[in-house]
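Heads up, start_1.cif below (mmCIF, C-alpha atoms and all ligand atoms):
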data_data
loop_
_atom_site.label_atom_id
_atom_site.label_comp_id
_atom_site.auth_asym_id
_atom_site.auth_seq_id
_atom_site.Cartn_x
_atom_site.Cartn_y
_atom_site.Cartn_z
CA MET R 1 0.00 0.00 0.00
CA GLN R 2 1.62 3.22 -1.15
CA HIS R 3 0.78 6.85 -1.09
CA THR R 4 2.72 10.02 -1.70
CA VAL R 5 2.62 13.26 0.23
CA THR R 6 4.09 16.44 -1.23
CA PHE R 7 5.60 18.80 1.35
CA PRO R 8 7.12 22.18 0.44
CA SER R 9 10.62 20.64 0.65
CA GLY R 10 9.89 17.40 -1.21
CA THR R 11 7.60 14.50 -2.02
CA VAL R 12 7.65 11.42 0.18
CA ASN R 13 6.50 8.01 -0.95
CA TYR R 14 5.03 6.07 2.01
CA ALA R 15 5.00 2.31 1.50
CA PHE R 16 3.02 0.59 4.26
CA GLN R 17 2.89 -3.14 4.92
CA CYS R 18 5.96 -3.52 2.84
CA SER R 19 9.08 -5.66 3.11
CA ALA R 20 12.64 -4.35 3.39
CA GLU R 21 13.31 -6.71 0.47
CA GLU R 22 11.57 -4.16 -1.77
CA LEU R 23 14.28 -1.57 -1.15
CA ALA R 24 16.09 -2.18 -4.44
CA GLN R 25 12.88 -1.26 -6.35
CA HIS R 26 13.04 2.21 -4.86
CA ALA R 27 16.62 2.77 -5.93
CA ASN R 28 16.04 2.84 -9.71
CA ASN R 29 19.55 1.54 -10.29
CA ARG R 30 21.22 4.20 -8.17
CA PRO R 31 24.00 2.96 -5.89
CA ILE R 32 22.62 2.34 -2.38
CA VAL R 33 24.57 2.97 0.80
CA VAL R 34 22.82 1.79 3.95
CA VAL R 35 23.39 3.59 7.25
CA THR R 36 22.45 1.61 10.35
CA ASP R 37 23.63 1.03 13.90
CA GLU R 38 25.91 -1.77 15.08
CA HIS R 39 23.15 -3.44 17.05
CA ILE R 40 20.80 -3.68 14.04
CA ALA R 41 23.67 -4.72 11.75
CA GLY R 42 24.31 -7.61 14.17
CA LEU R 43 20.65 -8.65 14.30
CA TYR R 44 20.19 -8.40 10.52
CA PRO R 45 23.47 -9.59 8.95
CA GLN R 46 21.78 -9.77 5.53
CA LEU R 47 21.97 -5.96 5.36
CA ARG R 48 25.76 -6.01 5.26
CA SER R 49 25.86 -8.89 2.83
CA ARG R 50 23.45 -7.22 0.37
CA PHE R 51 24.36 -3.54 0.58
CA LYS R 52 27.36 -1.33 1.15
CA THR R 53 26.73 -0.54 4.82
CA LEU R 54 28.04 2.09 7.20
CA THR R 55 27.40 1.63 10.92
CA VAL R 56 27.35 3.91 13.93
CA PRO R 57 27.37 2.82 17.59
CA ALA R 58 23.82 2.15 18.82
CA SER R 59 23.54 5.15 21.12
CA GLU R 60 22.09 8.64 21.34
CA ASN R 61 25.74 9.74 21.68
CA SER R 62 26.18 8.90 17.99
CA LYS R 63 23.95 11.89 17.18
CA ASP R 64 27.03 14.10 17.06
CA ILE R 65 28.64 16.19 14.32
CA ARG R 66 31.78 14.03 14.59
CA THR R 67 29.76 11.00 13.50
CA VAL R 68 28.52 12.93 10.46
CA GLU R 69 32.08 13.93 9.57
CA LYS R 70 33.31 10.37 9.95
CA LEU R 71 30.48 9.00 7.78
CA ALA R 72 31.18 11.66 5.12
CA GLY R 73 34.81 10.51 5.09
CA ASP R 74 33.65 6.89 4.69
CA LEU R 75 31.39 7.90 1.78
CA LEU R 76 34.30 9.66 0.05
CA GLN R 77 36.46 6.61 0.55
CA MET R 78 33.76 4.48 -1.14
CA GLU R 79 33.72 7.07 -3.94
CA ALA R 80 30.03 7.74 -3.31
CA GLY R 81 28.96 10.47 -5.74
CA ARG R 82 25.91 12.69 -5.93
CA ASN R 83 23.76 9.95 -7.42
CA THR R 84 24.15 7.86 -4.24
CA LEU R 85 20.97 6.91 -2.41
CA LEU R 86 21.54 6.88 1.34
CA VAL R 87 19.12 4.64 3.22
CA GLY R 88 18.80 4.91 6.99
CA ILE R 89 17.66 1.59 8.46
CA GLY R 90 17.11 1.92 12.18
CA GLY R 91 15.59 3.90 14.98
CA GLY R 92 15.40 7.66 15.36
CA VAL R 93 19.13 7.95 16.01
CA VAL R 94 19.90 6.41 12.62
CA THR R 95 17.18 8.29 10.71
CA ASP R 96 18.15 11.66 12.25
CA ILE R 97 21.84 11.13 11.40
CA THR R 98 21.17 9.77 7.90
CA GLY R 99 18.80 12.59 6.96
CA PHE R 100 21.32 15.18 8.11
CA LEU R 101 24.28 13.49 6.42
CA ALA R 102 22.33 13.16 3.17
CA SER R 103 21.23 16.78 3.20
CA VAL R 104 24.78 18.12 3.57
CA TYR R 105 26.97 15.52 1.78
CA MET R 106 27.99 17.08 -1.53
CA ARG R 107 25.31 19.71 -0.78
CA GLY R 108 22.62 17.07 -0.74
CA VAL R 109 22.02 13.52 -1.98
CA SER R 110 18.77 11.54 -2.06
CA PHE R 111 17.80 9.48 0.94
CA GLY R 112 15.13 7.13 2.21
CA PHE R 113 14.27 5.44 5.50
CA ILE R 114 13.28 2.02 6.76
CA PRO R 115 12.35 2.75 10.40
CA THR R 116 12.92 -0.27 12.66
CA THR R 117 11.67 1.04 16.03
CA LEU R 118 8.06 1.84 16.79
CA LEU R 119 9.16 5.36 17.74
CA ALA R 120 10.82 5.94 14.37
CA MET R 121 7.80 4.47 12.53
CA VAL R 122 5.31 6.81 14.18
CA ASP R 123 7.49 9.87 14.58
CA ALA R 124 11.25 10.20 13.93
CA ALA R 125 11.22 9.07 10.29
CA ILE R 126 8.35 11.41 9.39
CA GLY R 127 8.35 15.15 8.84
CA GLY R 128 11.77 15.94 7.39
CA LYS R 129 13.46 17.11 10.60
CA ASN R 130 16.88 15.64 11.05
CA GLY R 131 20.03 16.57 12.89
CA VAL R 132 22.49 15.97 15.67
CA ASN R 133 23.01 17.14 19.25
CA THR R 134 25.60 19.57 20.58
CA GLY R 135 26.78 18.67 24.08
CA LEU R 136 23.72 18.38 26.30
CA HIS R 137 21.55 20.29 23.81
CA LYS R 138 19.32 18.22 21.55
CA ASN R 139 19.07 18.62 17.76
CA ILE R 140 20.96 21.93 17.60
CA LEU R 141 22.48 21.26 14.16
CA GLY R 142 20.05 20.06 11.56
CA THR R 143 18.06 20.68 8.42
CA ILE R 144 14.52 20.16 7.22
CA SER R 145 14.56 17.95 4.16
CA GLN R 146 12.27 15.10 3.28
CA PRO R 147 13.27 11.53 2.48
CA GLU R 148 12.25 10.23 -0.93
CA PHE R 149 10.54 7.24 0.64
CA ILE R 150 9.72 5.60 3.95
CA LEU R 151 9.24 1.82 3.85
CA TYR R 152 7.26 0.24 6.68
CA ASP R 153 8.22 -3.34 7.49
CA THR R 154 6.66 -4.21 10.86
CA ASN R 155 8.57 -7.52 10.89
CA PHE R 156 11.48 -5.56 12.32
CA LEU R 157 9.44 -5.04 15.49
CA LYS R 158 9.67 -8.77 16.27
CA THR R 159 13.19 -8.21 17.60
CA LEU R 160 12.45 -4.88 19.32
CA PRO R 161 13.04 -5.01 23.10
CA GLY R 162 10.05 -4.30 25.38
CA GLU R 163 11.52 -1.03 26.63
CA GLU R 164 11.68 0.28 23.07
CA TRP R 165 7.99 -0.58 22.58
CA SER R 166 7.28 1.62 25.60
CA ASN R 167 9.34 4.44 24.09
CA GLY R 168 7.30 4.25 20.88
CA PHE R 169 4.05 4.37 22.82
CA ALA R 170 5.18 7.62 24.47
CA GLU R 171 4.93 9.36 21.07
CA ILE R 172 1.67 7.54 20.22
CA ILE R 173 0.16 8.73 23.51
CA LYS R 174 1.44 12.21 22.64
CA TYR R 175 -0.57 12.23 19.39
CA ALA R 176 -3.65 11.03 21.28
CA CYS R 177 -3.29 13.80 23.88
CA ILE R 178 -2.96 16.62 21.37
CA PHE R 179 -5.23 15.51 18.53
CA ASP R 180 -7.34 12.45 19.15
CA ALA R 181 -9.47 11.73 22.23
CA ALA R 182 -10.85 8.54 20.60
CA MET R 183 -7.32 7.19 20.15
CA PHE R 184 -6.63 8.00 23.82
CA GLU R 185 -9.69 5.93 24.82
CA GLU R 186 -8.63 3.08 22.52
CA LEU R 187 -5.17 3.05 24.13
CA THR R 188 -6.66 2.87 27.63
CA LYS R 189 -8.39 -0.39 26.61
CA HIS R 190 -5.20 -2.14 25.47
CA ASN R 191 -1.55 -2.58 26.40
CA ILE R 192 1.74 -3.41 24.71
CA GLY R 193 1.06 -7.17 24.87
CA TYR R 194 -2.19 -6.65 22.94
CA TYR R 195 -0.47 -4.81 20.08
CA GLN R 196 2.45 -7.27 20.04
CA GLY R 197 -0.06 -10.05 19.46
CA ASN R 198 -2.18 -8.09 16.99
CA TYR R 199 -0.11 -6.62 14.18
CA ALA R 200 -3.21 -5.58 12.20
CA SER R 201 -4.29 -3.23 15.03
CA LEU R 202 -0.70 -2.09 15.44
CA SER R 203 -0.40 -1.24 11.73
CA ASP R 204 -3.67 0.70 11.91
CA LEU R 205 -2.35 2.65 14.87
CA VAL R 206 0.99 3.36 13.14
CA GLU R 207 -0.76 4.57 9.98
CA LYS R 208 -3.10 6.78 12.02
CA CYS R 209 -0.08 8.42 13.69
CA VAL R 210 1.67 8.91 10.33
CA HIS R 211 -1.49 10.56 9.01
CA LEU R 212 -1.82 12.86 12.07
CA LYS R 213 1.80 13.98 11.84
CA ASN R 214 1.72 14.46 8.06
CA LYS R 215 -1.39 16.63 8.33
CA VAL R 216 0.38 19.03 10.69
CA VAL R 217 3.69 19.03 8.81
CA LEU R 218 1.88 19.66 5.52
CA ALA R 219 0.27 22.76 6.99
CA ASP R 220 3.43 24.05 8.65
CA GLU R 221 6.62 22.25 7.61
CA ARG R 222 8.98 24.87 9.05
CA GLU R 223 7.26 24.99 12.45
CA LYS R 224 6.06 28.58 12.41
CA HIS R 225 2.79 27.76 14.19
CA GLN R 226 0.81 24.52 14.44
CA ARG R 227 3.72 22.08 14.04
CA LYS R 228 4.80 23.37 17.45
CA LEU R 229 1.92 21.34 18.92
CA LEU R 230 3.94 18.18 18.24
CA ASN R 231 6.37 19.40 20.89
CA PHE R 232 3.89 18.53 23.65
CA GLY R 233 6.04 17.09 26.44
CA HIS R 234 9.23 17.85 24.53
CA THR R 235 10.39 21.11 26.11
CA LEU R 236 11.16 19.44 29.42
CA ALA R 237 12.00 16.14 27.66
CA HIS R 238 14.78 17.73 25.62
CA ALA R 239 16.17 19.39 28.74
CA VAL R 240 16.26 16.21 30.86
CA GLU R 241 16.98 13.54 28.21
CA LYS R 242 20.74 13.94 27.98
CA LEU R 243 21.13 15.46 31.46
CA TYR R 244 19.72 12.33 33.15
CA GLY R 245 20.59 9.79 30.42
CA LEU R 246 16.93 8.94 29.73
CA THR R 247 15.66 7.42 26.51
CA HIS R 248 13.71 9.87 24.36
CA GLY R 249 10.36 8.15 24.99
CA LYS R 250 10.80 8.13 28.78
CA ALA R 251 11.81 11.79 28.78
CA VAL R 252 8.71 12.63 26.71
CA ALA R 253 6.48 10.75 29.17
CA ILE R 254 7.86 12.81 32.07
CA GLY R 255 7.57 16.00 30.01
CA MET R 256 3.91 15.33 29.19
CA VAL R 257 3.00 14.90 32.86
CA ALA R 258 4.81 18.15 33.75
CA ALA R 259 3.02 19.95 30.87
CA CYS R 260 -0.33 18.72 32.24
CA ILE R 261 0.50 20.00 35.72
CA ILE R 262 1.36 23.43 34.24
CA SER R 263 -1.86 23.25 32.17
CA GLN R 264 -3.94 22.82 35.33
CA ASN R 265 -2.93 26.39 36.30
CA ARG R 266 -2.80 27.92 32.85
CA THR R 267 -5.64 26.39 30.84
CA SER R 268 -7.69 25.05 33.77
CA LEU R 269 -7.07 21.50 32.59
CA ASP R 270 -9.06 19.16 34.78
CA GLU R 271 -6.72 17.38 37.22
CA ALA R 272 -8.52 14.16 36.27
CA VAL R 273 -6.84 14.37 32.83
CA THR R 274 -3.37 14.48 34.42
CA LEU R 275 -4.26 11.43 36.49
CA LYS R 276 -5.66 9.58 33.44
CA LEU R 277 -2.52 10.37 31.46
CA LYS R 278 -0.29 9.15 34.29
CA SER R 279 -2.12 5.87 34.52
CA LEU R 280 -2.06 5.40 30.71
CA LEU R 281 1.70 6.03 30.62
CA GLN R 282 2.24 3.50 33.41
CA GLN R 283 0.04 1.00 31.55
CA TYR R 284 2.55 1.24 28.68
CA GLY R 285 5.61 0.87 30.94
CA LEU R 286 6.56 4.55 31.02
CA PRO R 287 7.76 6.70 33.94
CA VAL R 288 5.65 9.59 35.23
CA ARG R 289 8.03 11.29 37.65
CA LEU R 290 11.64 12.40 37.89
CA ASP R 291 13.74 13.91 40.66
CA LEU R 292 15.35 16.82 38.92
CA ASN R 293 17.73 19.66 39.69
CA VAL R 294 15.80 22.77 38.63
CA GLU R 295 18.91 24.93 38.16
CA ASN R 296 20.57 22.42 35.82
CA VAL R 297 17.36 21.89 33.87
CA MET R 298 16.78 25.64 33.51
CA SER R 299 20.30 26.18 32.14
CA ILE R 300 19.45 23.83 29.26
CA LEU R 301 15.88 25.10 28.83
CA LYS R 302 17.21 28.61 28.23
CA MET R 303 18.64 27.42 24.91
CA ASP R 304 15.38 25.76 23.83
CA LYS R 305 14.71 26.24 20.11
CA LYS R 306 11.17 27.41 20.92
CA ARG R 307 12.40 30.38 22.97
CA THR R 308 11.77 33.98 21.92
CA ASN R 309 13.25 36.59 24.26
CA ASP R 310 12.32 35.38 27.75
CA ASN R 311 9.39 33.20 26.69
CA ILE R 312 9.22 29.61 25.57
CA ASP R 313 6.30 28.44 23.46
CA TYR R 314 5.08 25.71 25.81
CA ILE R 315 2.50 23.23 24.56
CA LEU R 316 -0.31 22.85 27.06
CA LEU R 317 -3.45 20.74 27.07
CA GLU R 318 -6.95 22.14 27.37
CA ALA R 319 -8.53 18.68 27.29
CA VAL R 320 -7.65 15.26 25.93
CA GLY R 321 -7.34 15.77 22.17
CA LYS R 322 -6.99 19.55 22.40
CA ALA R 323 -3.63 21.33 22.79
CA ALA R 324 -2.61 24.99 22.73
CA ILE R 325 0.60 26.94 22.18
CA CYS R 326 1.28 29.16 25.23
CA PRO R 327 4.24 31.51 25.46
CA LEU R 328 5.42 31.05 29.07
CA PRO R 329 8.03 33.29 30.73
CA LEU R 330 11.16 31.36 31.78
CA ALA R 331 10.56 32.55 35.36
CA GLU R 332 7.11 30.93 35.37
CA ILE R 333 8.52 27.66 34.03
CA GLU R 334 11.19 27.73 36.74
CA HIS R 335 8.53 28.33 39.37
CA ALA R 336 6.40 25.47 37.98
CA LEU R 337 9.41 23.12 38.01
CA ILE R 338 10.18 24.00 41.62
CA SER R 339 6.62 23.17 42.66
CA TYR R 340 6.65 20.03 40.44
CA GLU R 341 9.85 18.93 42.17
CA ARG R 342 8.32 19.54 45.62
CA ASN R 343 4.85 18.11 45.06
CA HIS R 344 4.88 15.29 42.56
N1 LIG Q 401 13.32 13.81 13.62
C1 LIG Q 401 12.25 13.74 14.36
O1 LIG Q 401 11.20 14.29 14.02
C2 LIG Q 401 12.28 12.95 15.64
C3 LIG Q 401 11.07 12.66 16.29
C4 LIG Q 401 11.12 11.86 17.45
C5 LIG Q 401 12.35 11.40 17.93
N2 LIG Q 401 13.50 11.74 17.26
C6 LIG Q 401 14.81 11.25 17.74
O2 LIG Q 401 14.81 9.85 17.69
C7 LIG Q 401 15.74 9.34 18.64
C8 LIG Q 401 15.11 8.19 19.40
O3 LIG Q 401 14.79 7.19 18.47
P1 LIG Q 401 14.55 5.68 18.93
O4 LIG Q 401 13.71 5.65 20.13
O5 LIG Q 401 14.13 4.94 17.72
O6 LIG Q 401 15.99 5.24 19.46
P2 LIG Q 401 17.25 4.48 18.83
O7 LIG Q 401 17.45 4.82 17.41
O8 LIG Q 401 18.38 4.79 19.78
O9 LIG Q 401 16.87 2.95 18.95
C9 LIG Q 401 16.68 2.39 20.24
C10 LIG Q 401 17.37 1.05 20.38
O10 LIG Q 401 16.66 0.07 19.65
C11 LIG Q 401 17.56 -0.69 18.84
N3 LIG Q 401 16.79 -1.18 17.70
C12 LIG Q 401 16.33 -0.46 16.65
N4 LIG Q 401 15.56 -1.23 15.87
C13 LIG Q 401 15.56 -2.47 16.40
C14 LIG Q 401 14.93 -3.69 16.06
N5 LIG Q 401 14.11 -3.79 15.02
N6 LIG Q 401 15.16 -4.78 16.84
C15 LIG Q 401 15.97 -4.68 17.95
N7 LIG Q 401 16.56 -3.53 18.34
C16 LIG Q 401 16.34 -2.44 17.57
C17 LIG Q 401 18.65 0.26 18.51
O11 LIG Q 401 19.84 -0.43 18.13
C18 LIG Q 401 18.81 1.01 19.84
O12 LIG Q 401 19.60 0.26 20.71
C19 LIG Q 401 16.11 10.50 19.55
O13 LIG Q 401 17.40 10.95 19.20
C20 LIG Q 401 15.08 11.56 19.19
O14 LIG Q 401 15.57 12.87 19.37
C21 LIG Q 401 13.47 12.48 16.13
ZN ZN Q 402 9.80 12.96 20.35
#

Have the structure of the file written as C-alpha cells, please.
Amino acid sequence: MQHTVTFPSGTVNYAFQCSAEELAQHANNRPIVVVTDEHIAGLYPQLRSRFKTLTVPASENSKDIRTVEKLAGDLLQMEAGRNTLLVGIGGGVVTDITGFLASVYMRGVSFGFIPTTLLAMVDAAIGGKNGVNTGLHKNILGTISQPEFILYDTNFLKTLPGEEWSNGFAEIIKYACIFDAAMFEELTKHNIGYYQGNYASLSDLVEKCVHLKNKVVLADEREKHQRKLLNFGHTLAHAVEKLYGLTHGKAVAIGMVAACIISQNRTSLDEAVTLKLKSLLQQYGLPVRLDLNVENVMSILKMDKKRTNDNIDYILLEAVGKAAICPLPLAEIEHALISYERNH
C-alpha cells in the first residue's frame, strides 16, 4: 500500500505493509549505501551482505557532528557520488543522522528510510526534521529535508526489546493527547502485549499516527505555528533527556506529565486528565516522575529552540485531544518546576 505526500521541501513516498526486500525497487539503479547502527547490523546480517553498509554505535551519543564527519569521510572513501541513495535503516538515532548526512553531503544527496523502532515508525522518520546534538543540547544542528521514501516493514518489530515498545508508545500517547481523544480511549483499553499479538491493530495505529503527523507538517513544515503542537512534552523532555541519560520516549512521558500540571494552572485543565494520562503512561511501561535539579534543567531550557526573548512556546493541554501553544516566561517555568519537584 503506497501513497505520496508532497511537502514544500519534497515529495515522500510512504510504502506501508511492505518488506525491506523491496528496497532495491526504490533505488532505480542508483547505488545504495545503507546507514544503520551496530546493534541492528548484528541482528540483521543480511543488510551487510546485500548492501554497502556504514554503521554507527547504537547510542544517542552517535547523534554528534563528529559521526557525520566520519560518515562523510567513509562515503568519500567508497567514492560515493551525488547519485548515491543513502538509506537509513534503524531507529530515530539512525534516521536523524542519515537525513542530516544526506542533506549536507555534496550539498545534498537523495535518501530514504526504513524505520525499525516503533518510535521511528510513528514519529522520527516522518516530517523531514533531522540533525544531531551539541553537548547536552538536543538537535541543535540540523536541516529540514524530506526523504524520498519511507518503507514500513513491521517484521522488524519482532526483535524490538520491550523497553523500546514503551518508548514508541510515548509518542503515540502524545498524538492522542494533542489531537485524538478517541485514540486516547482506545489506548486505555489495550496494552503493549495486545499490540504485540495483533499486528493488524498495530499497523492501523501506526498509519493513524503517520497521518496525524503528516497533516500538521503539511500545513506548517517549518514549524512557524501549528507544528509546534507536536512538541507537547518535549520542552522538558529535551532538557532532561541527555542530562539524566533517559531514553527519548521516557523523557517525553515525564515532560507530558509536567506539561499537564502546568496546564492545570494555565488552561484550567481538569486534574482528572493528568491522572488519566499518568495511569495510561504506566500502563505502557513509562515513567511519570523524575527527581530533577531545577537549576541544571533551567540552564538547558534557556537554549530551547522554541524560545523567543524570555518566553518559551510551551505546549499545554486544554482537554484530551486539544492542545494549545502558550508563550510562558522562563521565570514561570522555573517556578512550575520548583513546585513540580516539591509536590509530585
Ligand atoms: N526527527 C524527528 O522528528 C524525531 C522525532 C522523534 C524522535 N526523534 C529522535 O529519535 C531518537 C530516538 O529514536 P529511537 O527511540 O528509535 O531510538 P534508537 O534509534 O536509539 O533505537 C533504540 C534502540 O533500539 C535498537 N533497535 C532499533 N531497531 C531495532 C529492532 N528492530 N530490533 C531490535 N533492536 C532495535 C537500537 O539499536 C537502539 O539500541 C532521539 O534521538 C530523538 O531525538 C526524532
Ligand atoms: Zn519525540

Task: Coordinates-based distance that separates CA of Leu54 in chain R from CA of Ala125 in chain R (Å, one decimal) - done: 18.5 Å

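Counting all atoms listed in the file, the residue from R:Ala237, R:Ile178, R:Ala200, R:Ala219 that sits nearest to ligand LIG 401 (chain Q) is R:Ala237.
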
Task: Using only C-alpha atoms: which of R:Tyr284, R:Tyr340, R:Phe111, R:Tyr194 has the shortest distance to Val257 in chain R - done: R:Tyr340

Around all the atoms of ligand LIG 401 (chain Q) listed in the file, with 3 Å of room on each side, what axis-aligned box do you get, giving centre and edge lengths in Å to one decimal, as lines of an AutoDock Vina configuration file?
center_x = 15.5
center_y = 4.8
center_z = 17.2
size_x = 14.8
size_y = 25.1
size_z = 13.1

- [ ] Could the residues that lie within 8 Å of ligand ZN 402 (chain Q), counting all atoms listed in the file, be listed as JSON, numbers by chain?
- [x] {"R": [123, 124, 171, 231, 234, 248, 249, 252]}

Open item on the list: Hey, which residues sit close to ligand LIG 401 (chain Q)? Say within 8 Å, counting all atoms listed in the file, and write them as a VMD selection string.
Closed with: chain R and resid 37 to 40 43 58 to 60 63 90 to 96 115 to 120 123 to 132 138 to 139 155 to 161 164 167 to 168 171 238 247 to 249

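Of note, CA of Val273 in chain R and CA of Ala258 in chain R are spaced 12.3 Å apart.
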
- [ ] Could you jot down the CA of Ala41 in chain R to CA of Thr154 in chain R separation for me, Å, one decimal place?
- [x] 17.0 Å

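Using only C-alpha atoms, the nearest neighbour of Leu212 in chain R within the list R:Glu148, R:Glu22, R:Asp74, R:Asp180 is R:Asp180.
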
TODO: Name the residues in contact with range 259-272 of chain R at a cut-off of 10 Å, using only C-alpha atoms, excluding same-chain residues fewer than 4 positions from it; report them as a list in words.
DONE: Phe232, Gly233, His234, Thr235, Leu236, Ala253, Ile254, Gly255, Lys276, Leu277, Lys278, Tyr314, Ile315, Leu316, Leu317, Glu318, Ala319, Val320, Ala323, Ala324, Cys326, Leu328, Glu332, Ile333, Ala336, Leu337, Ser339, Tyr340 and His344 of chain R

Polymer residues at most 9 Å from Thr4 in chain R, all atoms listed in the file, same-chain spacing of 4 or more positions, as a PDB file with C-alpha atoms, in the frame of the given file:
ATOM      1  CA  THR R  11       7.600  14.500  -2.020  1.00  0.00           C
ATOM      2  CA  VAL R  12       7.650  11.420   0.180  1.00  0.00           C
ATOM      3  CA  ASN R  13       6.500   8.010  -0.950  1.00  0.00           C
ATOM      4  CA  TYR R  14       5.030   6.070   2.010  1.00  0.00           C
ATOM      5  CA  ALA R  15       5.000   2.310   1.500  1.00  0.00           C
ATOM      6  CA  PHE R 149      10.540   7.240   0.640  1.00  0.00           C
TER       7      PHE R 149
END

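If you count only C-alpha atoms and ignore residues fewer than 6 places along the chain from range 68-73 of chain R, what sits within 10 Å of it is Val35, Leu54, Thr55, Val56, Ser62, Glu79, Ala80, Ile97, Thr98, Phe100, Leu101, Ala102, Val104, Tyr105, Met106, Gly131 and Val132 of chain R.
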
Excluding Ala331 in chain R and its own-chain neighbours fewer than 2 positions away, which residues fall within 12 Å of it when counting only C-alpha atoms? Please give them as a short mmCIF file (atom, residue, chain, number, x, y, z; two decimals) with C-alpha atoms, keeping the file's coordinate frame.
data_model
loop_
_atom_site.label_atom_id
_atom_site.label_comp_id
_atom_site.auth_asym_id
_atom_site.auth_seq_id
_atom_site.Cartn_x
_atom_site.Cartn_y
_atom_site.Cartn_z
CA VAL R 294 15.80 22.77 38.63
CA GLU R 295 18.91 24.93 38.16
CA MET R 298 16.78 25.64 33.51
CA LEU R 301 15.88 25.10 28.83
CA LYS R 302 17.21 28.61 28.23
CA ASP R 310 12.32 35.38 27.75
CA ASN R 311 9.39 33.20 26.69
CA ILE R 312 9.22 29.61 25.57
CA PRO R 327 4.24 31.51 25.46
CA LEU R 328 5.42 31.05 29.07
CA PRO R 329 8.03 33.29 30.73
CA ILE R 333 8.52 27.66 34.03
CA GLU R 334 11.19 27.73 36.74
CA HIS R 335 8.53 28.33 39.37
CA ALA R 336 6.40 25.47 37.98
CA LEU R 337 9.41 23.12 38.01
CA ILE R 338 10.18 24.00 41.62
#

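When all atoms listed in the file are used to compute distances to Ser9 in chain R, the closest of the residues R:Ser299, R:Asn309, R:Ser49, R:Ser145 turns out to be R:Ser145.
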
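Residue nearest Asn29 in chain R within the list R:Met256, R:Val109, R:Leu85, R:Leu243: R:Leu85 [criterion: smallest interatomic distance, only C-alpha atoms].
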
Open item on the list: Taking (4.3, 25.3, 13.1) in the coordinates of the supplied file, I want to know which residues reach to within 12 Å of it, counting all atoms listed in the file; could you give the answer as a VMD selection string?
Closed with: chain R and resid 127 213 215 to 231 306 313 315 324 to 325

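Residue nearest Gly193 in chain R within the list R:Asn343, R:Ser166, R:Asn28, R:Ser110: R:Ser166 [criterion: smallest interatomic distance, only C-alpha atoms].
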
Shell around Lys208 in chain R at 12 Å using all atoms listed in the file, local window under 4 positions removed, as a JSON list (two decimals) with C-alpha atoms, keeping the file's coordinate frame:
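The resulting out.json:
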[["chain", "number", "residue", "atom", "x", "y", "z"],
["R", 16, "PHE", "CA", 3.02, 0.59, 4.26],
["R", 121, "MET", "CA", 7.80, 4.47, 12.53],
["R", 122, "VAL", "CA", 5.31, 6.81, 14.18],
["R", 123, "ASP", "CA", 7.49, 9.87, 14.58],
["R", 172, "ILE", "CA", 1.67, 7.54, 20.22],
["R", 175, "TYR", "CA", -0.57, 12.23, 19.39],
["R", 176, "ALA", "CA", -3.65, 11.03, 21.28],
["R", 179, "PHE", "CA", -5.23, 15.51, 18.53],
["R", 180, "ASP", "CA", -7.34, 12.45, 19.15],
["R", 182, "ALA", "CA", -10.85, 8.54, 20.60],
["R", 183, "MET", "CA", -7.32, 7.19, 20.15],
["R", 201, "SER", "CA", -4.29, -3.23, 15.03],
["R", 202, "LEU", "CA", -0.70, -2.09, 15.44],
["R", 203, "SER", "CA", -0.40, -1.24, 11.73],
["R", 204, "ASP", "CA", -3.67, 0.70, 11.91],
["R", 212, "LEU", "CA", -1.82, 12.86, 12.07],
["R", 213, "LYS", "CA", 1.80, 13.98, 11.84],
["R", 214, "ASN", "CA", 1.72, 14.46, 8.06],
["R", 215, "LYS", "CA", -1.39, 16.63, 8.33]]
